[in-house]
Amino acid sequence: MKHCILCSSTDSKTVFNENGIPILECNNCGHVFSSYEQEEHYDGYWEGENQSYDLEWWDTAHRAVYKDFISTYLKSEQGNLLDVGCGLGFFVKSVLTSKPNWQAVGYEISTQAVDFAKKNNGLTTVHAGLVQNSKLPENSFDIITLWDVIEHIPKPHSLLNYLFTLLKPGGILFLQTPNFPIQLFKANLKVKLKGMQPNGHYLEAKDHVNNYKMFTLAELGKQCGFENPRYKVL
């Protein structure tokens with residue numbers, strides 16, 4: 001039986017079954033997680049021979065979101081930002097383009113994605129590897145971002161504990177992740193309308209190994225030293 005990452009309980013119930021993979025909800029604290037056992041540092045998301053990327057999605061569709069984030073949170077004339085799980089580098093590029101006095105660094109475990117970021121986006125501050133091995137100086141970043149990353153990490157505490165040491169006092173950790181109650185509603189609606197399809201897009205049970213509600217995401221942050229959670233719909 002799989003343990004809940006927030007309270008260590010093994011008491012859970014199935015709230016959705018995605019093609020034979022149960023999605024579980026902890027009966028003790030309410031956290032939701034996939035029963036699928038994914039590697040802790042899975043790098044296959046961006047990898048693959050003859051890999052192609054949907055740039056309409058990863059670039060064009062995200063431009064307005066990145067612009068809104070930058071205008072909301074990067075109000076200072078200058079600062080330091082770290083993007084963890086930076087993928088193809090489009091967010092780092094957006095920061096450097098719109099805020100030339102800001103320093104923006106990206107870390108991504110996929111060497112293939114980093115190669116794209118360097119060659120296609122002209123980035124020199126994006127690095128391949130685990131950020132936990134980066135030896136970045138403590139108290140050095142004003143903002144740390146994880147765009148659609150936290151849901152992929154089976155055991156996120158060690159990562160968030162490390163990132164806490166990198167933030168300046170009063171710094172911001174920004175986590176974008178699907179809001180599970182909304183995602184569950186959409187998944188159940190799809191099944192109701194069309195039935196469970198073998199290749200259907202539901203809760204991504206093999207990729208989204210932890211599914212967060214607002215209060216469980218806040219609890220994760222609290223356990224890693226973060227406080228004053230705030231929410232923004234993007």
# chains A, B, ... in the order shown; residues from 1 in each chain; ligands from 1
>>> residues_around(residues="Phe164 (chain A)", least_positions_apart="5", cutoff="8 Å", atoms="only C-alpha atoms", output="list in words")
Cys224, Gly225 and Phe226 of chain A
>>> residues_around(residues="region 218-220 of chain A", least_positions_apart="4", cutoff="7 Å", atoms="only C-alpha atoms", output="MDAnalysis selection string")
chainID A and resid 6 214 224 229
>>> write_last_selection(atoms="C-alpha atoms", output="tab-separated table (two decimals), in the first residue's frame")
chain	number	residue	atom	x	y	z
A	6	LEU	CA	1.88	14.54	3.51
A	214	MET	CA	-5.29	24.24	-2.66
A	224	CYS	CA	9.03	22.64	3.88
A	229	PRO	CA	0.17	30.75	0.74
>>> closest_residue(among="A:Asn121, A:Asn28, A:Gln78, A:Ser158", to="Thr216 (chain A)", atoms="only C-alpha atoms")
A:Asn28
>>> residues_around(residues="Cys4 (chain A)", least_positions_apart="5", cutoff="8 Å", atoms="only C-alpha atoms", output="PyMOL selection string")
chain A and resi 9-10+26+31+33
>>> closest_residue(among="A:Asn27, A:Ser8, A:Thr165, A:Thr72", to="Phe141 (chain A)", atoms="only C-alpha atoms")
A:Thr165
>>> atom_distance(atom1="CA of Leu184 (chain A)", atom2="CA of Ser12 (chain A)")
16.6 Å
>>> select_by_dssp(residues="region 55-232 of chain A", states="helix (DSSP H, G or I)", output="ChimeraX atom specification")
/A:55-58,60-73,90-98,111-121,131-133,150-152,157-166,180-194,214-223
>>> residues_around(residues="region 107-120 of chain A", least_positions_apart="6", cutoff="7 Å", atoms="only C-alpha atoms", output="number ranges by chain")
A: 43, 46-47, 83-89, 126-131
>>> select_by_dssp(residues="region 9-233 of chain A", states="strand (DSSP E)", output="PyMOL selection string")
chain A and resi 12-18+21-26+32-34+79-84+102-108+126-128+141-147+167-176+210-211
>>> residues_around(residues="Lys155 (chain A)", least_positions_apart="5", cutoff="9 Å", atoms="only C-alpha atoms", output="MDAnalysis selection string")
chainID A and resid 5 40 210
>>> closest_residue(among="A:Gly20, A:Gly195, A:Gly221, A:Pro100", to="Leu163 (chain A)", atoms="only C-alpha atoms")
A:Gly221
>>> residues_around(residues="Pro169 (chain A)", least_positions_apart="6", cutoff="10 Å", atoms="only C-alpha atoms", output="list in words")
Asn139, Ser140, Phe141 and Asp142 of chain A
>>> write_last_selection(atoms="C-alpha atoms", output="PDB file, in the first residue's frame")
ATOM      1  CA  ASN A 139      19.653  33.303  -0.066  1.00  0.00           C
ATOM      2  CA  SER A 140      20.303  34.353  -3.661  1.00  0.00           C
ATOM      3  CA  PHE A 141      16.916  34.333  -5.439  1.00  0.00           C
ATOM      4  CA  ASP A 142      13.955  36.684  -5.190  1.00  0.00           C
TER       5      ASP A 142
END
>>> residues_around(residues="Glu77 (chain A)", least_positions_apart="3", cutoff="8 Å", atoms="only C-alpha atoms", output="MDAnalysis selection string")
chainID A and resid 74 99 101:102
>>> write_last_selection(atoms="C-alpha atoms", output="tab-separated table (two decimals), in the first residue's frame")
chain	number	residue	atom	x	y	z
A	74	LEU	CA	8.62	41.04	-11.19
A	99	LYS	CA	13.14	42.36	-17.82
A	101	ASN	CA	17.98	43.92	-15.62
A	102	TRP	CA	16.82	40.65	-14.08
>>> closest_residue(among="A:Leu146, A:Val105, A:His157, A:Arg63", to="Ser134 (chain A)", atoms="only C-alpha atoms")
A:Val105
>>> atom_distance(atom1="CA of Ser71 (chain A)", atom2="CA of Asn211 (chain A)")
28.0 Å
